[in-house]
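Listing of start_37.cif, mmCIF, C-alpha atoms
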data_coords
#
loop_
_atom_site.group_PDB
_atom_site.id
_atom_site.type_symbol
_atom_site.label_atom_id
_atom_site.label_comp_id
_atom_site.auth_asym_id
_atom_site.auth_seq_id
_atom_site.Cartn_x
_atom_site.Cartn_y
_atom_site.Cartn_z
ATOM 1 C CA MET H 1225 0.000 0.000 0.000
ATOM 2 C CA PRO H 1226 1.540 3.345 -1.030
ATOM 3 C CA THR H 1227 2.403 5.831 1.689
ATOM 4 C CA ARG H 1228 0.830 9.274 1.807
ATOM 5 C CA ASP H 1229 4.128 10.818 0.680
ATOM 6 C CA ALA H 1230 4.312 8.424 -2.265
ATOM 7 C CA ALA H 1231 0.734 9.250 -3.248
ATOM 8 C CA ARG H 1232 1.527 12.954 -3.119
ATOM 9 C CA ALA H 1233 4.614 12.380 -5.269
ATOM 10 C CA HIS H 1234 2.490 10.581 -7.874
ATOM 11 C CA GLU H 1235 -0.043 13.429 -7.871
ATOM 12 C CA PHE H 1236 2.741 15.985 -8.273
ATOM 13 C CA ARG H 1237 4.286 14.039 -11.152
ATOM 14 C CA GLU H 1238 0.854 13.710 -12.734
ATOM 15 C CA LEU H 1239 0.457 17.475 -12.660
ATOM 16 C CA LEU H 1240 3.952 17.964 -14.107
ATOM 17 C CA VAL H 1241 3.451 15.526 -16.982
ATOM 18 C CA LEU H 1242 0.102 17.163 -17.791
ATOM 19 C CA TRP H 1243 1.738 20.587 -17.695
ATOM 20 C CA ALA H 1244 4.606 19.485 -19.953
ATOM 21 C CA ALA H 1245 2.186 17.738 -22.321
ATOM 22 C CA ARG H 1246 0.095 20.899 -22.581
ATOM 23 C CA LYS H 1247 3.131 23.116 -23.121
ATOM 24 C CA ALA H 1248 4.603 20.827 -25.782
ATOM 25 C CA GLY H 1249 1.301 20.471 -27.662
ATOM 26 C CA ILE H 1250 1.060 16.742 -26.937
ATOM 27 C CA LEU H 1251 -2.144 17.149 -24.952
ATOM 28 C CA ASP H 1252 -3.858 19.085 -27.722
ATOM 29 C CA ALA H 1253 -2.658 16.633 -30.381
ATOM 30 C CA VAL H 1254 -3.824 13.494 -28.637
ATOM 31 C CA MET H 1255 -7.124 15.060 -27.525
ATOM 32 C CA THR H 1256 -8.173 16.490 -30.871
ATOM 33 C CA LYS H 1257 -6.131 15.309 -33.852
ATOM 34 C CA ALA H 1258 -3.948 12.248 -33.369
ATOM 35 C CA GLY H 1259 -4.133 8.822 -31.789
ATOM 36 C CA THR H 1260 -0.851 6.917 -31.925
ATOM 37 C CA PRO H 1261 2.488 7.987 -30.458
ATOM 38 C CA GLU H 1262 3.890 8.323 -33.985
ATOM 39 C CA THR H 1263 1.120 10.646 -35.189
ATOM 40 C CA VAL H 1264 1.209 12.629 -31.954
ATOM 41 C CA ALA H 1265 4.962 13.086 -32.353
ATOM 42 C CA ARG H 1266 4.487 14.462 -35.866
ATOM 43 C CA GLU H 1267 1.546 16.683 -34.929
ATOM 44 C CA ALA H 1268 3.218 18.155 -31.832
ATOM 45 C CA ASN H 1269 6.717 18.229 -33.323
ATOM 46 C CA VAL H 1270 8.246 16.233 -30.480
ATOM 47 C CA THR H 1271 10.315 13.052 -30.464
ATOM 48 C CA GLU H 1272 8.539 9.717 -30.698
ATOM 49 C CA ARG H 1273 10.085 8.747 -27.366
ATOM 50 C CA ALA H 1274 8.595 11.841 -25.715
ATOM 51 C CA ALA H 1275 5.200 11.168 -27.289
ATOM 52 C CA ARG H 1276 5.189 7.486 -26.304
ATOM 53 C CA ILE H 1277 6.277 7.962 -22.692
ATOM 54 C CA THR H 1278 3.920 10.899 -22.144
ATOM 55 C CA ILE H 1279 0.931 9.111 -23.667
ATOM 56 C CA GLU H 1280 1.607 5.971 -21.638
ATOM 57 C CA ALA H 1281 1.799 8.057 -18.449
ATOM 58 C CA LEU H 1282 -1.468 9.822 -19.262
ATOM 59 C CA ALA H 1283 -3.106 6.473 -19.946
ATOM 60 C CA GLU H 1284 -1.781 5.052 -16.686
ATOM 61 C CA ARG H 1285 -3.347 7.986 -14.819
ATOM 62 C CA GLY H 1286 -6.711 7.510 -16.531
ATOM 63 C CA PHE H 1287 -6.709 10.451 -18.961
ATOM 64 C CA LEU H 1288 -6.402 8.229 -22.040
ATOM 65 C CA LYS H 1289 -7.417 4.699 -22.976
ATOM 66 C CA GLN H 1290 -5.808 2.481 -25.579
ATOM 67 C CA VAL H 1291 -7.968 1.298 -28.475
ATOM 68 C CA GLY H 1292 -5.880 -0.929 -30.693
ATOM 69 C CA GLU H 1293 -2.652 0.950 -31.412
ATOM 70 C CA ALA H 1294 -4.240 4.354 -30.810
ATOM 71 C CA TYR H 1295 -5.222 6.250 -27.686
ATOM 72 C CA GLU H 1296 -8.449 8.135 -27.004
ATOM 73 C CA PRO H 1297 -9.336 10.644 -24.249
ATOM 74 C CA THR H 1298 -11.461 9.458 -21.331
ATOM 75 C CA ASN H 1299 -14.066 11.393 -19.390
ATOM 76 C CA ARG H 1300 -11.311 12.417 -16.947
ATOM 77 C CA ALA H 1301 -9.694 14.411 -19.763
ATOM 78 C CA LEU H 1302 -12.915 16.149 -20.793
ATOM 79 C CA GLY H 1303 -12.109 19.364 -18.957
ATOM 80 C CA PHE H 1304 -9.000 19.999 -21.051
ATOM 81 C CA PHE H 1305 -10.932 20.610 -24.260
ATOM 82 C CA ALA H 1306 -14.652 20.932 -23.425
ATOM 83 C CA LYS H 1307 -15.235 24.334 -21.809
ATOM 84 C CA THR H 1308 -18.944 24.923 -22.438
ATOM 85 C CA ASP H 1309 -20.200 23.262 -19.265
ATOM 86 C CA LEU H 1310 -18.273 24.520 -16.228
ATOM 87 C CA ASN H 1311 -19.183 21.358 -14.328
ATOM 88 C CA SER H 1312 -17.186 19.237 -16.785
ATOM 89 C CA ILE H 1313 -13.903 21.158 -16.428
ATOM 90 C CA GLY H 1314 -12.836 20.088 -12.946
ATOM 91 C CA GLN H 1315 -9.819 21.227 -10.936
ATOM 92 C CA LEU H 1316 -6.862 20.168 -13.068
ATOM 93 C CA SER H 1317 -7.092 22.777 -15.826
ATOM 94 C CA HIS H 1318 -6.887 25.550 -13.237
ATOM 95 C CA GLU H 1319 -4.055 23.755 -11.451
ATOM 96 C CA LEU H 1320 -2.100 23.711 -14.719
ATOM 97 C CA ASP H 1321 -2.757 27.441 -15.166
ATOM 98 C CA ALA H 1322 -1.557 28.016 -11.601
ATOM 99 C CA LEU H 1323 1.591 26.022 -12.329
ATOM 100 C CA ASP H 1324 2.239 28.266 -15.349
ATOM 101 C CA ARG H 1325 2.287 31.254 -13.021
ATOM 102 C CA TRP H 1326 4.424 29.514 -10.419
ATOM 103 C CA VAL H 1327 7.023 28.749 -13.096
ATOM 104 C CA ALA H 1328 7.030 32.425 -14.078
ATOM 105 C CA LEU H 1329 7.203 33.648 -10.446
ATOM 106 C CA PRO H 1330 10.987 34.180 -10.231
ATOM 107 C CA GLU H 1331 10.828 36.756 -13.018
ATOM 108 C CA ALA H 1332 7.810 38.409 -11.372
ATOM 109 C CA MET H 1333 9.775 38.555 -8.118
ATOM 110 C CA ARG H 1334 12.532 40.474 -9.891
ATOM 111 C CA THR H 1335 10.319 42.869 -11.829
ATOM 112 C CA GLY H 1336 7.395 43.271 -9.443
ATOM 113 C CA GLU H 1337 5.061 42.860 -12.431
ATOM 114 C CA GLN H 1338 2.221 40.356 -12.317
ATOM 115 C CA THR H 1339 2.499 37.343 -14.605
ATOM 116 C CA PRO H 1340 -0.145 37.530 -17.372
ATOM 117 C CA GLU H 1341 -3.122 35.230 -17.006
ATOM 118 C CA PRO H 1342 -2.997 32.063 -19.158
ATOM 119 C CA PRO H 1343 -5.421 32.117 -22.131
ATOM 120 C CA GLU H 1344 -8.317 30.252 -20.497
ATOM 121 C CA TRP H 1345 -7.680 31.453 -16.936
ATOM 122 C CA THR H 1346 -11.211 32.626 -16.137
ATOM 123 C CA VAL H 1347 -13.119 29.623 -17.484
ATOM 124 C CA ASN H 1348 -10.675 27.167 -15.895
ATOM 125 C CA LYS H 1349 -10.871 28.987 -12.555
ATOM 126 C CA LEU H 1350 -14.670 28.854 -12.757
ATOM 127 C CA GLY H 1351 -14.459 25.132 -13.519
ATOM 128 C CA ALA H 1352 -12.350 24.604 -10.414
ATOM 129 C CA HIS H 1353 -14.849 26.630 -8.378
ATOM 130 C CA ALA H 1354 -17.720 24.513 -9.703
ATOM 131 C CA ALA H 1355 -15.802 21.378 -8.633
ATOM 132 C CA MET H 1356 -15.366 22.458 -5.008
ATOM 133 C CA ASP H 1357 -15.853 19.807 -2.349
ATOM 134 C CA GLU H 1358 -19.574 19.693 -1.600
ATOM 135 C CA ALA H 1359 -19.068 19.029 2.099
ATOM 136 C CA THR H 1360 -16.919 22.151 2.405
ATOM 137 C CA VAL H 1361 -19.514 24.252 0.576
ATOM 138 C CA ARG H 1362 -22.275 23.009 2.874
ATOM 139 C CA ALA H 1363 -20.150 23.612 5.980
ATOM 140 C CA VAL H 1364 -19.343 27.185 4.951
ATOM 141 C CA VAL H 1365 -22.954 28.064 4.128
ATOM 142 C CA THR H 1366 -24.147 26.450 7.356
ATOM 143 C CA ALA H 1367 -21.668 28.547 9.345
ATOM 144 C CA ALA H 1368 -22.793 31.698 7.517
ATOM 145 C CA VAL H 1369 -26.514 31.181 8.132
ATOM 146 C CA HIS H 1370 -25.924 30.214 11.771
ATOM 147 C CA TYR H 1371 -23.966 33.409 12.286
ATOM 148 C CA HIS H 1372 -26.574 35.599 10.592
ATOM 149 C CA ASP H 1373 -29.743 33.782 11.705
ATOM 150 C CA GLY H 1374 -32.377 35.919 10.014
ATOM 151 C CA GLY H 1375 -33.434 37.578 6.769
ATOM 152 C CA THR H 1376 -33.619 36.077 3.315
ATOM 153 C CA ARG H 1377 -31.726 38.387 0.925
ATOM 154 C CA VAL H 1378 -28.161 37.212 0.301
ATOM 155 C CA LEU H 1379 -25.519 38.855 -1.879
ATOM 156 C CA ASP H 1380 -22.674 36.522 -2.866
ATOM 157 C CA VAL H 1381 -19.789 38.811 -3.878
ATOM 158 C CA GLY H 1382 -17.149 37.276 -6.132
ATOM 159 C CA GLY H 1383 -19.483 34.294 -6.406
ATOM 160 C CA GLY H 1384 -17.708 32.715 -9.380
ATOM 161 C CA ALA H 1385 -19.483 29.649 -10.754
ATOM 162 C CA GLY H 1386 -22.262 30.006 -8.178
ATOM 163 C CA THR H 1387 -21.202 27.121 -5.956
ATOM 164 C CA TYR H 1388 -22.087 28.933 -2.731
ATOM 165 C CA ALA H 1389 -24.987 30.859 -4.262
ATOM 166 C CA LEU H 1390 -26.690 27.628 -5.304
ATOM 167 C CA GLU H 1391 -26.339 26.208 -1.801
ATOM 168 C CA PHE H 1392 -27.928 29.346 -0.312
ATOM 169 C CA ALA H 1393 -30.737 29.105 -2.888
ATOM 170 C CA ARG H 1394 -31.372 25.435 -2.037
ATOM 171 C CA ARG H 1395 -31.973 26.547 1.543
ATOM 172 C CA GLY H 1396 -34.645 29.010 0.476
ATOM 173 C CA TYR H 1397 -32.670 32.250 0.373
ATOM 174 C CA ASP H 1398 -33.206 34.972 -2.226
ATOM 175 C CA VAL H 1399 -29.707 35.039 -3.701
ATOM 176 C CA THR H 1400 -27.899 37.538 -5.923
ATOM 177 C CA LEU H 1401 -24.455 36.670 -7.287
ATOM 178 C CA CYS H 1402 -22.096 39.565 -7.994
ATOM 179 C CA ASP H 1403 -18.922 39.180 -10.081
ATOM 180 C CA THR H 1404 -17.031 40.666 -13.011
ATOM 181 C CA SER H 1405 -18.662 41.036 -16.409
ATOM 182 C CA GLU H 1406 -16.583 38.159 -17.814
ATOM 183 C CA VAL H 1407 -17.745 35.813 -15.066
ATOM 184 C CA ILE H 1408 -21.372 36.932 -15.243
ATOM 185 C CA GLU H 1409 -21.391 36.291 -19.004
ATOM 186 C CA ARG H 1410 -20.481 32.654 -18.341
ATOM 187 C CA ASP H 1411 -22.919 32.411 -15.434
ATOM 188 C CA ARG H 1412 -25.855 33.575 -17.550
ATOM 189 C CA ALA H 1413 -25.640 30.320 -19.493
ATOM 190 C CA GLN H 1414 -24.509 28.149 -16.588
ATOM 191 C CA LEU H 1415 -27.165 29.325 -14.105
ATOM 192 C CA ARG H 1416 -30.013 30.175 -16.474
ATOM 193 C CA HIS H 1417 -32.346 27.599 -14.885
ATOM 194 C CA GLU H 1418 -31.297 28.333 -11.287
ATOM 195 C CA ALA H 1419 -32.968 30.596 -8.720
ATOM 196 C CA VAL H 1420 -29.990 32.956 -8.581
ATOM 197 C CA SER H 1421 -29.997 36.580 -9.788
ATOM 198 C CA LEU H 1422 -26.855 37.938 -11.440
ATOM 199 C CA VAL H 1423 -25.304 41.391 -11.251
ATOM 200 C CA GLU H 1424 -21.978 42.751 -12.488
ATOM 201 C CA GLY H 1425 -19.595 44.273 -9.985
ATOM 202 C CA GLN H 1426 -16.046 44.303 -8.650
ATOM 203 C CA PHE H 1427 -14.922 43.095 -5.243
ATOM 204 C CA GLY H 1428 -14.163 46.275 -3.294
ATOM 205 C CA ALA H 1429 -16.427 48.517 -5.384
ATOM 206 C CA PRO H 1430 -19.691 50.141 -4.198
ATOM 207 C CA ILE H 1431 -22.611 47.704 -3.911
ATOM 208 C CA SER H 1432 -26.073 48.458 -5.278
ATOM 209 C CA GLY H 1433 -29.155 47.379 -3.347
ATOM 210 C CA THR H 1434 -29.644 46.305 0.246
ATOM 211 C CA TYR H 1435 -29.316 42.832 1.714
ATOM 212 C CA ASP H 1436 -29.665 40.898 4.949
ATOM 213 C CA LEU H 1437 -26.408 39.011 4.412
ATOM 214 C CA VAL H 1438 -23.382 39.937 2.317
ATOM 215 C CA PHE H 1439 -21.165 36.900 1.764
ATOM 216 C CA ALA H 1440 -17.737 36.394 0.166
ATOM 217 C CA GLY H 1441 -16.370 32.859 0.084
ATOM 218 C CA GLY H 1442 -12.619 32.587 -0.442
ATOM 219 C CA VAL H 1443 -12.374 35.911 -2.280
ATOM 220 C CA ALA H 1444 -10.553 38.308 0.055
ATOM 221 C CA HIS H 1445 -7.167 36.575 -0.118
ATOM 222 C CA TRP H 1446 -7.061 37.204 -3.885
ATOM 223 C CA HIS H 1447 -6.947 40.954 -3.154
ATOM 224 C CA GLY H 1448 -4.709 43.456 -1.418
ATOM 225 C CA PRO H 1449 -5.507 44.912 2.022
ATOM 226 C CA GLU H 1450 -6.842 48.208 0.664
ATOM 227 C CA THR H 1451 -9.355 46.375 -1.532
ATOM 228 C CA VAL H 1452 -10.438 44.085 1.310
ATOM 229 C CA GLN H 1453 -10.982 47.081 3.577
ATOM 230 C CA SER H 1454 -12.951 48.837 0.832
ATOM 231 C CA PHE H 1455 -15.120 45.752 0.347
ATOM 232 C CA ILE H 1456 -15.911 45.603 4.061
ATOM 233 C CA GLU H 1457 -16.893 49.290 4.085
ATOM 234 C CA HIS H 1458 -19.159 48.920 1.041
ATOM 235 C CA ALA H 1459 -20.684 45.744 2.470
ATOM 236 C CA HIS H 1460 -21.685 47.673 5.598
ATOM 237 C CA ASN H 1461 -23.417 50.278 3.464
ATOM 238 C CA ALA H 1462 -25.300 47.555 1.552
ATOM 239 C CA LEU H 1463 -26.736 45.888 4.660
ATOM 240 C CA ASP H 1464 -30.050 46.586 6.297
ATOM 241 C CA ALA H 1465 -29.943 47.341 10.013
ATOM 242 C CA GLY H 1466 -29.089 44.125 11.823
ATOM 243 C CA GLY H 1467 -27.679 42.589 8.665
ATOM 244 C CA SER H 1468 -24.440 40.592 8.594
ATOM 245 C CA LEU H 1469 -21.240 40.357 6.630
ATOM 246 C CA VAL H 1470 -19.620 36.898 6.418
ATOM 247 C CA LEU H 1471 -16.349 35.960 4.758
ATOM 248 C CA SER H 1472 -14.778 32.503 4.657
ATOM 249 C CA GLU H 1473 -10.990 32.759 4.610
ATOM 250 C CA PHE H 1474 -7.625 31.278 5.555
ATOM 251 C CA VAL H 1475 -6.906 33.482 8.572
ATOM 252 C CA ARG H 1476 -3.319 33.713 9.801
ATOM 253 C CA GLY H 1477 -3.054 32.327 13.303
ATOM 254 C CA HIS H 1478 -6.001 29.958 12.729
ATOM 255 C CA ALA H 1479 -5.671 28.116 9.397
ATOM 256 C CA GLN H 1480 -3.051 25.522 8.558
ATOM 257 C CA ASN H 1481 -0.208 26.917 6.431
ATOM 258 C CA PRO H 1482 -1.802 30.334 5.748
ATOM 259 C CA ALA H 1483 1.577 31.818 4.796
ATOM 260 C CA LEU H 1484 1.863 29.164 2.087
ATOM 261 C CA VAL H 1485 -1.546 30.261 0.791
ATOM 262 C CA GLY H 1486 -0.125 33.786 0.789
ATOM 263 C CA ALA H 1487 2.826 32.553 -1.263
ATOM 264 C CA HIS H 1488 0.371 30.979 -3.718
ATOM 265 C CA MET H 1489 -1.300 34.372 -4.022
ATOM 266 C CA LEU H 1490 2.095 35.917 -4.765
ATOM 267 C CA ALA H 1491 2.202 33.703 -7.850
ATOM 268 C CA GLN H 1492 -1.477 33.904 -8.794
ATOM 269 C CA SER H 1493 -2.638 37.458 -8.059
ATOM 270 C CA GLU H 1494 -1.472 41.038 -8.280
ATOM 271 C CA ARG H 1495 -1.974 41.984 -4.624
ATOM 272 C CA GLY H 1496 -3.398 38.931 -2.861
ATOM 273 C CA ASP H 1497 -2.308 37.658 0.567
ATOM 274 C CA THR H 1498 -3.691 36.084 3.720
ATOM 275 C CA TYR H 1499 -4.559 38.229 6.735
ATOM 276 C CA THR H 1500 -4.594 38.032 10.514
ATOM 277 C CA GLU H 1501 -7.578 38.077 12.838
ATOM 278 C CA GLN H 1502 -6.483 41.495 14.081
ATOM 279 C CA GLN H 1503 -6.435 42.914 10.557
ATOM 280 C CA PHE H 1504 -9.979 41.714 9.922
ATOM 281 C CA ARG H 1505 -11.154 43.044 13.293
ATOM 282 C CA THR H 1506 -9.566 46.432 12.575
ATOM 283 C CA TRP H 1507 -11.267 46.657 9.176
ATOM 284 C CA LEU H 1508 -14.632 45.592 10.616
ATOM 285 C CA SER H 1509 -14.385 48.135 13.425
ATOM 286 C CA ALA H 1510 -13.368 50.930 11.041
ATOM 287 C CA ALA H 1511 -16.479 50.168 8.950
ATOM 288 C CA SER H 1512 -18.689 50.387 12.091
ATOM 289 C CA PHE H 1513 -19.487 46.673 12.262
ATOM 290 C CA LYS H 1514 -20.473 45.271 15.646
ATOM 291 C CA GLU H 1515 -20.024 41.807 17.164
ATOM 292 C CA ALA H 1516 -16.961 41.011 15.054
ATOM 293 C CA ARG H 1517 -16.158 37.319 15.099
ATOM 294 C CA VAL H 1518 -13.399 35.067 13.750
ATOM 295 C CA GLU H 1519 -13.941 31.347 14.282
ATOM 296 C CA SER H 1520 -13.115 28.044 12.636
ATOM 297 C CA ILE H 1521 -15.664 26.460 10.317
ATOM 298 C CA PRO H 1522 -16.143 22.837 11.457
ATOM 299 C CA GLY H 1523 -14.909 20.186 9.033
ATOM 300 C CA THR H 1524 -12.752 22.625 7.062
ATOM 301 C CA ASP H 1525 -9.486 24.544 7.339
ATOM 302 C CA LEU H 1526 -11.403 27.777 6.760
ATOM 303 C CA GLN H 1527 -12.404 30.500 9.186
ATOM 304 C CA LEU H 1528 -15.570 32.535 9.337
ATOM 305 C CA VAL H 1529 -15.006 36.287 9.590
ATOM 306 C CA GLY H 1530 -18.217 38.032 10.544
ATOM 307 C CA GLY H 1531 -19.668 41.359 11.599
ATOM 308 C CA ARG H 1532 -23.138 42.845 12.102
ATOM 309 C CA ARG H 1533 -24.539 46.218 11.169
ATOM 310 C CA ALA H 1534 -26.042 47.865 14.225
ATOM 311 C CA ILE H 1535 -29.808 48.181 14.489
ATOM 312 C CA ASP H 1536 -30.483 51.913 14.125
#
Translate the structure of the given file into structure tokens.
Amino acid sequence: MPTRDAARAHEFRELLVLWAARKAGILDAVMTKAGTPETVAREANVTERAARITIEALAERGFLKQVGEAYEPTNRALGFFAKTDLNSIGQLSHELDALDRWVALPEAMRTGEQTPEPPEWTVNKLGAHAAMDEATVRAVVTAAVHYHDGGTRVLDVGGGAGTYALEFARRGYDVTLCDTSEVIERDRAQLRHEAVSLVEGQFGAPISGTYDLVFAGGVAHWHGPETVQSFIEHAHNALDAGGSLVLSEFVRGHAQNPALVGAHMLAQSERGDTYTEQQFRTWLSAASFKEARVESIPGTDLQLVGGRRAID
């Protein structure tokens, strides 16, 4: 039976071979145009040895299956070339995009300039969001509604593929999802039959309308401290008296390896980082929130950050 370290090594090598196959054009060739190692080698302009070993590794990991002398993609590989349905993309495409930016990080460290987003960054990130662990989603939403305990109007800011918004809606809440125009364009097709309203907006920008609960799940650490503080201030203005703000985050001093999450944000975002409980409490207080709370969300490595608008 393989050890946990061995399993992690296999997963890491899987990601690396997928990344190299995508970079070299092998992945595109075998998924769309070619079937045998020889034809893949010609199509991708790589050596036959490289094509053969890579294809065999992808088959061993379940991304391809052999049919005669040729190889065909399996359902596990669907997310690499089928982008219409966010639910079919999965986590790996976004992980490959993230690896692209990690590889480019040393140059970004020298220049201070953010690495450009890979070509399908947004759709792959949405696919990863749609593939979030269902138990984690339920735990986060449960913590949010227990903290708020009242009202029905929820605004999910930076709601992405609607993973959290859909869970709120299933529980009977009147949910509005707010995100960038690019994300909302994808969501209009993805969520067209769901009981979720859509509105364009930026995290940290003024919020239109009033709500009982403003929620942001795993969004703050993608942004710099000034933007997070601005979001908290605008969330206060968008709440009815007695309404609540809830964020789920990796809080320094509470989460496991939050500094490593911060390092990931160094590679993946322009200003992102993870923040301490004191920082969140300072921002909540400055925005006139009452009953500030930072507590662990059971069953996850996430923390709830919450505050209430005073009843006038």
- Message: To test your reading of the syntax: which residues would the PyMOL selection byres ((chain H and resi 1294) around 12) return for the file shown? Reply as a PyMOL selection string.
- Response: chain H and resi 1254-1255+1257-1264+1276+1279-1280+1283+1288-1293+1295-1297
- Query: Evaluating the PyMOL selection byres ((chain H and resi 1367) around 12) on the displayed file yields which residues, as number ranges by chain?
  - Reply: H: 1360-1366, 1368-1373, 1392, 1439, 1441, 1470-1472, 1517-1524, 1526-1530
- Note on the structure: One decimal place gives the atom CA of H:Ser1317-atom CA of H:Gly1303 separation as 6.8 Å
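Atom CA of H:Leu1490 is found 10.8 Å from atom CA of H:Glu1337.
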- Task: Decode the PyMOL selection byres ((chain H and resi 1421) around 6) for the given file into explicit residues and return them as a ChimeraX atom specification.
- Result: /H:1400,1420,1422
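Of note, atom CA of H:Lys1247 and atom CA of H:Phe1287 are spaced 16.6 Å apart.
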- Pick the closest to H:Ser1512 from H:Ala1429, H:Ala1413, H:Val1475, H:Leu1463: which is it, counting all atoms listed in the file? H:Leu1463
- Message: Which residues are near H:Asp1536? Cut-off 12 Å, all atoms listed in the file, ignore same chain within fewer than 5 positions. Put them as a VMD selection string.
- Response: chain H and resid 1463 to 1467
- Can you list, as a PyMOL selection string, every protein, DNA or RNA residue that comes within 9 Å of stretch 1445-1459 of chain H when you count only C-alpha atoms, leaving out same-chain residues fewer than 4 positions away? chain H and resi 1427-1431+1438-1439+1463+1468-1469+1473-1474+1485-1486+1489+1492-1499+1503-1504+1507-1508+1510-1513
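If all atoms listed in the file are the atoms counted, then among H:Ala1419, H:Val1399, H:Val1407, H:Ala1245 the closest residue to H:Thr1434 is H:Val1399.
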How big is the axis-aligned box, and where does its centre sit, when it encloses all atoms of stretch 1462-1481 of chain H listed in the file and has 3 Å added on every side, reported in Å to one decimal as lines of an AutoDock Vina configuration file?
center_x = -15.1
center_y = 36.5
center_z = 7.4
size_x = 35.8
size_y = 28.0
size_z = 17.8
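Each of H:His1318, H:Arg1533, H:Arg1237, H:Arg1325 was compared to H:Glu1344 using only C-alpha atoms, and H:His1318 turns out to be the nearest.
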- Within 10 Å of H:Lys1307, counting only C-alpha atoms, which residues show up once you throw out same-chain ones fewer than 5 positions away? Write them as an MDAnalysis selection string, please. chainID H and resid 1302 1312:1313 1344 1347:1348 1351
Mind filling out stretch 1465-1470 of chain H with all heavy atoms and sending it as a PDB file, keeping the file's coordinate frame?
ATOM      1  N   ALA H1465     -30.251  47.354   8.586  1.00  0.00           N
ATOM      2  CA  ALA H1465     -29.943  47.341  10.013  1.00  0.00           C
ATOM      3  C   ALA H1465     -30.091  45.927  10.557  1.00  0.00           C
ATOM      4  O   ALA H1465     -31.078  45.244  10.280  1.00  0.00           O
ATOM      5  CB  ALA H1465     -30.883  48.290  10.758  1.00  0.00           C
ATOM      6  N   GLY H1466     -29.081  45.481  11.300  1.00  0.00           N
ATOM      7  CA  GLY H1466     -29.089  44.125  11.823  1.00  0.00           C
ATOM      8  C   GLY H1466     -28.552  43.086  10.865  1.00  0.00           C
ATOM      9  O   GLY H1466     -28.433  41.911  11.222  1.00  0.00           O
ATOM     10  N   GLY H1467     -28.221  43.512   9.648  1.00  0.00           N
ATOM     11  CA  GLY H1467     -27.679  42.589   8.665  1.00  0.00           C
ATOM     12  C   GLY H1467     -26.246  42.192   8.977  1.00  0.00           C
ATOM     13  O   GLY H1467     -25.576  42.805   9.810  1.00  0.00           O
ATOM     14  N   SER H1468     -25.754  41.155   8.282  1.00  0.00           N
ATOM     15  CA  SER H1468     -24.440  40.592   8.594  1.00  0.00           C
ATOM     16  C   SER H1468     -23.554  40.505   7.360  1.00  0.00           C
ATOM     17  O   SER H1468     -24.028  40.302   6.236  1.00  0.00           O
ATOM     18  CB  SER H1468     -24.588  39.179   9.178  1.00  0.00           C
ATOM     19  OG  SER H1468     -25.382  39.189  10.332  1.00  0.00           O
ATOM     20  N   LEU H1469     -22.274  40.651   7.615  1.00  0.00           N
ATOM     21  CA  LEU H1469     -21.240  40.357   6.630  1.00  0.00           C
ATOM     22  C   LEU H1469     -20.537  39.082   7.062  1.00  0.00           C
ATOM     23  O   LEU H1469     -20.158  38.945   8.224  1.00  0.00           O
ATOM     24  CB  LEU H1469     -20.224  41.497   6.561  1.00  0.00           C
ATOM     25  CG  LEU H1469     -18.915  41.198   5.795  1.00  0.00           C
ATOM     26  CD1 LEU H1469     -19.194  40.974   4.307  1.00  0.00           C
ATOM     27  CD2 LEU H1469     -17.899  42.319   5.998  1.00  0.00           C
ATOM     28  N   VAL H1470     -20.344  38.133   6.134  1.00  0.00           N
ATOM     29  CA  VAL H1470     -19.620  36.898   6.418  1.00  0.00           C
ATOM     30  C   VAL H1470     -18.623  36.633   5.301  1.00  0.00           C
ATOM     31  O   VAL H1470     -18.981  36.656   4.112  1.00  0.00           O
ATOM     32  CB  VAL H1470     -20.570  35.693   6.559  1.00  0.00           C
ATOM     33  CG1 VAL H1470     -19.778  34.382   6.586  1.00  0.00           C
ATOM     34  CG2 VAL H1470     -21.417  35.819   7.820  1.00  0.00           C
TER      35      VAL H1470
END
